[in-house]
file structure-v1.pdb (PDB, C-alpha atoms)
ATOM      1  CA  MET A   1      96.689 157.625  93.563  1.00  0.00           C
ATOM      2  CA  ARG A   2      99.177 160.430  92.921  1.00  0.00           C
ATOM      3  CA  MET A   3     101.665 160.692  95.769  1.00  0.00           C
ATOM      4  CA  ALA A   4     102.372 164.323  94.863  1.00  0.00           C
ATOM      5  CA  ASP A   5      98.926 165.086  96.308  1.00  0.00           C
ATOM      6  CA  PHE A   6     100.196 163.998  99.734  1.00  0.00           C
ATOM      7  CA  ILE A   7     103.459 165.944  99.960  1.00  0.00           C
ATOM      8  CA  ASN A   8     103.909 167.545 103.363  1.00  0.00           C
ATOM      9  CA  TRP A   9     104.519 171.053 101.980  1.00  0.00           C
ATOM     10  CA  GLU A  10     104.471 172.760 105.371  1.00  0.00           C
ATOM     11  CA  VAL A  11     107.512 170.814 106.524  1.00  0.00           C
ATOM     12  CA  MET A  12     109.237 170.380 103.165  1.00  0.00           C
ATOM     13  CA  LEU A  13     109.311 174.122 102.424  1.00  0.00           C
ATOM     14  CA  ASP A  14     110.349 175.103 105.965  1.00  0.00           C
ATOM     15  CA  ARG A  15     114.118 175.629 105.764  1.00  0.00           C
ATOM     16  CA  GLU A  16     114.488 175.085 109.503  1.00  0.00           C
ATOM     17  CA  TRP A  17     112.972 171.580 109.310  1.00  0.00           C
ATOM     18  CA  THR A  18     114.260 170.789 105.841  1.00  0.00           C
ATOM     19  CA  PRO A  19     117.699 172.308 105.198  1.00  0.00           C
ATOM     20  CA  ARG A  20     118.733 172.708 101.570  1.00  0.00           C
ATOM     21  CA  ASN A  21     122.139 171.088 101.771  1.00  0.00           C
ATOM     22  CA  SER A  22     124.052 168.894  99.408  1.00  0.00           C
ATOM     23  CA  GLY A  23     124.734 165.347 100.482  1.00  0.00           C
ATOM     24  CA  ASP A  24     122.358 162.549 101.287  1.00  0.00           C
ATOM     25  CA  HIS A  25     118.733 163.616 101.741  1.00  0.00           C
ATOM     26  CA  VAL A  26     117.290 160.870 103.955  1.00  0.00           C
ATOM     27  CA  ALA A  27     116.614 163.300 106.813  1.00  0.00           C
ATOM     28  CA  GLN A  28     114.789 165.720 104.515  1.00  0.00           C
ATOM     29  CA  LEU A  29     112.866 163.070 102.589  1.00  0.00           C
ATOM     30  CA  SER A  30     111.731 161.238 105.720  1.00  0.00           C
ATOM     31  CA  ASN A  31     109.094 163.975 106.082  1.00  0.00           C
ATOM     32  CA  LEU A  32     108.029 163.977 102.435  1.00  0.00           C
ATOM     33  CA  PHE A  33     104.510 162.594 102.849  1.00  0.00           C
ATOM     34  CA  VAL A  34     101.776 163.424 105.344  1.00  0.00           C
ATOM     35  CA  ASP A  35     100.498 160.539 107.457  1.00  0.00           C
ATOM     36  CA  SER A  36     103.517 158.333 106.791  1.00  0.00           C
ATOM     37  CA  GLN A  37     106.498 156.793 108.511  1.00  0.00           C
ATOM     38  CA  VAL A  38     109.792 155.546 107.107  1.00  0.00           C
ATOM     39  CA  LEU A  39     110.160 151.777 107.432  1.00  0.00           C
ATOM     40  CA  ALA A  40     113.437 151.392 105.553  1.00  0.00           C
ATOM     41  CA  SER A  41     116.096 153.601 104.015  1.00  0.00           C
ATOM     42  CA  ASN A  42     119.457 153.171 102.387  1.00  0.00           C
ATOM     43  CA  THR A  43     122.133 155.593 101.219  1.00  0.00           C
ATOM     44  CA  GLU A  44     124.843 154.687  98.739  1.00  0.00           C
ATOM     45  CA  GLY A  45     127.815 156.988  98.270  1.00  0.00           C
ATOM     46  CA  SER A  46     129.290 159.809 100.295  1.00  0.00           C
ATOM     47  CA  TYR A  47     130.089 162.883  98.193  1.00  0.00           C
ATOM     48  CA  GLN A  48     127.651 161.803  95.533  1.00  0.00           C
ATOM     49  CA  GLY A  49     125.203 158.948  95.427  1.00  0.00           C
ATOM     50  CA  SER A  50     121.597 158.031  95.919  1.00  0.00           C
ATOM     51  CA  ASP A  51     118.988 157.416  98.597  1.00  0.00           C
ATOM     52  CA  ALA A  52     116.057 155.012  98.657  1.00  0.00           C
ATOM     53  CA  LEU A  53     113.267 155.102 101.244  1.00  0.00           C
ATOM     54  CA  VAL A  54     110.207 152.973 101.906  1.00  0.00           C
ATOM     55  CA  PHE A  55     107.263 154.586 103.688  1.00  0.00           C
ATOM     56  CA  LEU A  56     104.174 153.152 105.277  1.00  0.00           C
ATOM     57  CA  PHE A  57     101.567 155.631 104.057  1.00  0.00           C
ATOM     58  CA  ALA A  58      98.091 155.862 105.584  1.00  0.00           C
ATOM     59  CA  PRO A  59      96.043 158.166 103.320  1.00  0.00           C
ATOM     60  CA  PRO A  60      93.958 160.777 105.155  1.00  0.00           C
ATOM     61  CA  ASN A  61      90.939 159.641 103.099  1.00  0.00           C
ATOM     62  CA  PRO A  62      89.485 156.534 104.815  1.00  0.00           C
ATOM     63  CA  ASP A  63      88.284 155.237 101.432  1.00  0.00           C
ATOM     64  CA  LEU A  64      91.914 154.756 100.347  1.00  0.00           C
ATOM     65  CA  GLN A  65      93.946 151.765 101.522  1.00  0.00           C
ATOM     66  CA  PRO A  66      97.367 152.152 103.204  1.00  0.00           C
ATOM     67  CA  LYS A  67     100.301 151.721 100.829  1.00  0.00           C
ATOM     68  CA  LEU A  68     103.991 150.974 100.987  1.00  0.00           C
ATOM     69  CA  VAL A  69     105.741 153.689  98.995  1.00  0.00           C
ATOM     70  CA  LEU A  70     109.256 153.382  97.537  1.00  0.00           C
ATOM     71  CA  ILE A  71     111.121 156.518  96.439  1.00  0.00           C
ATOM     72  CA  THR A  72     114.634 157.223  95.195  1.00  0.00           C
ATOM     73  CA  ASP A  73     116.697 160.407  94.983  1.00  0.00           C
ATOM     74  CA  HIS A  74     120.226 161.394  93.916  1.00  0.00           C
ATOM     75  CA  PHE A  75     122.654 163.761  95.602  1.00  0.00           C
ATOM     76  CA  GLY A  76     125.959 165.459  94.951  1.00  0.00           C
ATOM     77  CA  SER A  77     128.483 167.453  96.916  1.00  0.00           C
ATOM     78  CA  CYS A  78     127.968 170.973  95.538  1.00  0.00           C
ATOM     79  CA  SER A  79     125.364 173.275  94.028  1.00  0.00           C
ATOM     80  CA  PHE A  80     126.306 172.193  90.492  1.00  0.00           C
ATOM     81  CA  CYS A  81     125.627 168.512  91.137  1.00  0.00           C
ATOM     82  CA  ASP A  82     122.913 168.543  93.832  1.00  0.00           C
ATOM     83  CA  ALA A  83     119.483 170.020  93.117  1.00  0.00           C
ATOM     84  CA  TRP A  84     118.827 170.662  96.826  1.00  0.00           C
ATOM     85  CA  GLU A  85     121.828 172.906  97.419  1.00  0.00           C
ATOM     86  CA  ASN A  86     120.583 176.468  97.974  1.00  0.00           C
ATOM     87  CA  SER A  87     117.450 175.816  95.900  1.00  0.00           C
ATOM     88  CA  ASN A  88     114.555 178.224  95.808  1.00  0.00           C
ATOM     89  CA  ASP A  89     111.025 177.105  96.693  1.00  0.00           C
ATOM     90  CA  LYS A  90     110.004 176.688  93.043  1.00  0.00           C
ATOM     91  CA  THR A  91     112.907 174.328  92.335  1.00  0.00           C
ATOM     92  CA  ILE A  92     112.267 172.311  95.502  1.00  0.00           C
ATOM     93  CA  ARG A  93     108.560 172.023  94.645  1.00  0.00           C
ATOM     94  CA  GLU A  94     109.410 170.691  91.181  1.00  0.00           C
ATOM     95  CA  LEU A  95     111.972 168.263  92.583  1.00  0.00           C
ATOM     96  CA  LEU A  96     109.622 166.895  95.261  1.00  0.00           C
ATOM     97  CA  ILE A  97     106.724 166.529  92.829  1.00  0.00           C
ATOM     98  CA  SER A  98     109.016 164.574  90.494  1.00  0.00           C
ATOM     99  CA  ILE A  99     110.202 162.289  93.314  1.00  0.00           C
ATOM    100  CA  ALA A 100     106.628 161.724  94.525  1.00  0.00           C
ATOM    101  CA  ASN A 101     105.232 161.073  91.047  1.00  0.00           C
ATOM    102  CA  ASN A 102     107.988 158.518  90.386  1.00  0.00           C
ATOM    103  CA  ALA A 103     107.219 156.603  93.584  1.00  0.00           C
ATOM    104  CA  LYS A 104     106.413 152.923  93.315  1.00  0.00           C
ATOM    105  CA  LEU A 105     103.325 151.891  95.314  1.00  0.00           C
ATOM    106  CA  PHE A 106     102.688 148.487  96.858  1.00  0.00           C
ATOM    107  CA  ASP A 107      99.647 147.055  98.620  1.00  0.00           C
ATOM    108  CA  SER A 108     101.483 144.642 100.920  1.00  0.00           C
ATOM    109  CA  PHE A 109     104.823 143.607 102.370  1.00  0.00           C
ATOM    110  CA  ASP A 110     104.694 140.488 100.199  1.00  0.00           C
ATOM    111  CA  GLU A 111     104.328 142.632  97.094  1.00  0.00           C
ATOM    112  CA  ILE A 112     107.269 144.948  97.841  1.00  0.00           C
ATOM    113  CA  ILE A 113     109.506 142.096  98.989  1.00  0.00           C
ATOM    114  CA  LYS A 114     108.693 140.177  95.801  1.00  0.00           C
ATOM    115  CA  PHE A 115     109.554 143.306  93.791  1.00  0.00           C
ATOM    116  CA  LEU A 116     112.890 143.750  95.621  1.00  0.00           C
ATOM    117  CA  ASP A 117     113.685 140.069  95.078  1.00  0.00           C
ATOM    118  CA  GLN A 118     113.097 140.589  91.337  1.00  0.00           C
ATOM    119  CA  VAL A 119     115.448 143.572  91.390  1.00  0.00           C
ATOM    120  CA  ILE A 120     118.115 141.479  93.145  1.00  0.00           C
ATOM    121  CA  GLU A 121     117.756 138.731  90.519  1.00  0.00           C
ATOM    122  CA  LYS A 122     117.999 141.217  87.641  1.00  0.00           C
ATOM    123  CA  ILE A 123     121.115 142.733  89.212  1.00  0.00           C
ATOM    124  CA  LYS A 124     122.762 139.294  89.428  1.00  0.00           C
ATOM    125  CA  ASP A 125     122.206 138.957  85.681  1.00  0.00           C
ATOM    126  CA  GLY A 126     123.659 142.417  85.072  1.00  0.00           C
ATOM    127  CA  HIS A 127     120.429 143.595  83.418  1.00  0.00           C
ATOM    128  CA  TYR A 128     119.519 146.709  85.375  1.00  0.00           C
ATOM    129  CA  GLY A 129     117.122 148.284  82.905  1.00  0.00           C
ATOM    130  CA  GLU A 130     114.271 149.909  84.786  1.00  0.00           C
ATOM    131  CA  TYR A 131     115.855 148.830  88.087  1.00  0.00           C
ATOM    132  CA  PHE A 132     118.998 150.947  87.630  1.00  0.00           C
ATOM    133  CA  GLU A 133     117.970 153.357  90.414  1.00  0.00           C
ATOM    134  CA  LEU A 134     117.612 150.496  92.890  1.00  0.00           C
ATOM    135  CA  ARG A 135     120.692 148.475  91.963  1.00  0.00           C
ATOM    136  CA  ASN A 136     122.596 149.525  95.094  1.00  0.00           C
ATOM    137  CA  HIS A 137     119.627 149.590  97.457  1.00  0.00           C
ATOM    138  CA  ALA A 138     117.595 146.421  96.880  1.00  0.00           C
ATOM    139  CA  ARG A 139     119.392 144.034  99.257  1.00  0.00           C
ATOM    140  CA  GLN A 140     119.509 146.485 102.157  1.00  0.00           C
ATOM    141  CA  LEU A 141     115.880 147.529 101.710  1.00  0.00           C
ATOM    142  CA  ARG A 142     114.844 143.873 101.423  1.00  0.00           C
ATOM    143  CA  THR A 143     116.426 143.097 104.811  1.00  0.00           C
ATOM    144  CA  GLN A 144     114.942 146.179 106.457  1.00  0.00           C
ATOM    145  CA  MET A 145     111.465 145.484 105.053  1.00  0.00           C
ATOM    146  CA  SER A 146     111.482 141.960 106.463  1.00  0.00           C
ATOM    147  CA  GLU A 147     112.438 143.374 109.871  1.00  0.00           C
ATOM    148  CA  ALA A 148     109.823 146.147 109.635  1.00  0.00           C
ATOM    149  CA  GLU A 149     107.089 143.632 108.818  1.00  0.00           C
ATOM    150  CA  LEU A 150     107.996 141.585 111.902  1.00  0.00           C
ATOM    151  CA  ASN A 151     108.008 144.698 114.105  1.00  0.00           C
ATOM    152  CA  LEU A 152     104.579 145.798 112.866  1.00  0.00           C
ATOM    153  CA  VAL A 153     103.102 142.344 113.462  1.00  0.00           C
ATOM    154  CA  GLU A 154     104.380 142.221 117.072  1.00  0.00           C
TER     155      GLU A 154
END
call {"tool": "encode", "arguments": {"input": "structure-v1.pdb", "output": "C-alpha cells"}}
result
Amino acid sequence: MRMADFINWEVMLDREWTPRNSGDHVAQLSNLFVDSQVLASNTEGSYQGSDALVFLFAPPNPDLQPKLVLITDHFGSCSFCDAWENSNDKTIRELLISIANNAKLFDSFDEIIKFLDQVIEKIKDGHYGEYFELRNHARQLRTQMSEAELNLVE
C-alpha cells in the first residue's frame, strides 16, 4: 500500500486550511491522509526541529485492512530552512508525497509499540542508524500510543 495514494489533496493544497508557514507542522500534517485520525504526535524543537505523528488509517477500499501510520517531518524558522514556507503547489505536492512514501505502516498497536520499544533500546545504546528521525519522539509516542489503545478499546 502506497500512502501517497491516500493524501487528502483537497485540504492539503487549500492555503486556508493548510497555511504554508515555517515552524512545526503538526496542524497541517494532521489532515494529510483521507479517512484517518491522529492518535499521537510529538514535536521536538522550537525554531527548528521535527514532528512525528501516528495516524489510525481506515482505507476507503473495504478490501484493505486499517493501518497505524507513522510519519516524520522537519521544520525550520525561515524560507531557507523550512520547505513549507511560502511554497508553491508543486513543491508542497513533492514534499507531501515524500513524507507519505516514507511512512512506516503497522497492522496493530502491539506491532507499533514493539517498534517504538526497539527504537528506545537502540537510542539507549547510542546507535541511531535508521531510527535517527525518531530518536527524540519514540518515548512520547510510545506513551501516547498506549493511551490511545486504551481509549479505543473503551
call {"tool": "resolve_selection", "arguments": {"input": "structure-v1.pdb", "expression": "the PyMOL selection byres ((chain A and resi 67) around 7)", "output": "PyMOL selection string"}}
result
chain A and resi 56-58+65-66+68-69+105-107
call {"tool": "closest_residue", "arguments": {"input": "structure-v1.pdb", "among": "A:Arg93, A:His74, A:His25, A:Lys124", "to": "Ala4 of chain A", "atoms": "only C-alpha atoms"}}
result
A:Arg93
call {"tool": "resolve_selection", "arguments": {"input": "structure-v1.pdb", "expression": "the PyMOL selection byres ((chain A and resi 5) around 10)", "output": "ChimeraX atom specification"}}
result
/A:1-4,6-9,33-34,97,100-101
call {"tool": "closest_residue", "arguments": {"input": "structure-v1.pdb", "among": "A:Val54, A:Glu149, A:Asn88, A:Arg142", "to": "Lys104 of chain A", "atoms": "only C-alpha atoms"}}
result
A:Val54
call {"tool": "atom_distance", "arguments": {"input": "structure-v1.pdb", "atom1": "atom CA of Ala103 of chain A", "atom2": "atom CA of Val38 of chain A"}}
result
13.8 Å
call {"tool": "closest_residue", "arguments": {"input": "structure-v1.pdb", "among": "A:Asn61, A:Ser108, A:Thr43, A:Thr72", "to": "Leu95 of chain A", "atoms": "all atoms listed in the file"}}
result
A:Thr72
call {"tool": "closest_residue", "arguments": {"input": "structure-v1.pdb", "among": "A:Gly76, A:Ser98, A:Glu44, A:Leu64", "to": "Gln140 of chain A", "atoms": "only C-alpha atoms"}}
result
A:Glu44
call {"tool": "atom_distance", "arguments": {"input": "structure-v1.pdb", "atom1": "atom CA of Asp14 of chain A", "atom2": "atom CA of Val26 of chain A"}}
result
16.0 Å
call {"tool": "resolve_selection", "arguments": {"input": "structure-v1.pdb", "expression": "the PyMOL selection byres ((chain A and resi 145) around 12)", "output": "PyMOL selection string"}}
result
chain A and resi 38-42+53-56+68-70+108-117+137-144+146-152
call {"tool": "atom_distance", "arguments": {"input": "structure-v1.pdb", "atom1": "atom CA of Gly126 of chain A", "atom2": "atom CA of Gly49 of chain A"}}
result
19.6 Å
call {"tool": "axis_aligned_box", "arguments": {"input": "structure-v1.pdb", "around": "segment 19-38 of chain A", "padding_each_side": "3 Å", "output": "AutoDock Vina command-line options"}}
result
--center_x 112.6 --center_y 164.1 --center_z 104.0 --size_x 30.2 --size_y 23.2 --size_z 15.1
call {"tool": "residues_around", "arguments": {"input": "structure-v1.pdb", "residues": "Trp84 of chain A", "least_positions_apart": "5", "cutoff": "12 Å", "atoms": "only C-alpha atoms", "output": "list in words"}}
result
Met12, Leu13, Arg15, Thr18, Pro19, Arg20, Asn21, Ser22, Gly23, Asp24, His25, Gln28, Leu29, Asp73, His74, Phe75, Gly76, Ser77, Cys78, Ser79, Asp89, Lys90, Thr91, Ile92, Arg93, Glu94, Leu95 and Leu96 of chain A
call {"tool": "closest_residue", "arguments": {"input": "structure-v1.pdb", "among": "A:Gln37, A:Gln48, A:Ser30, A:Asn102", "to": "Ala83 of chain A", "atoms": "only C-alpha atoms"}}
result
A:Gln48
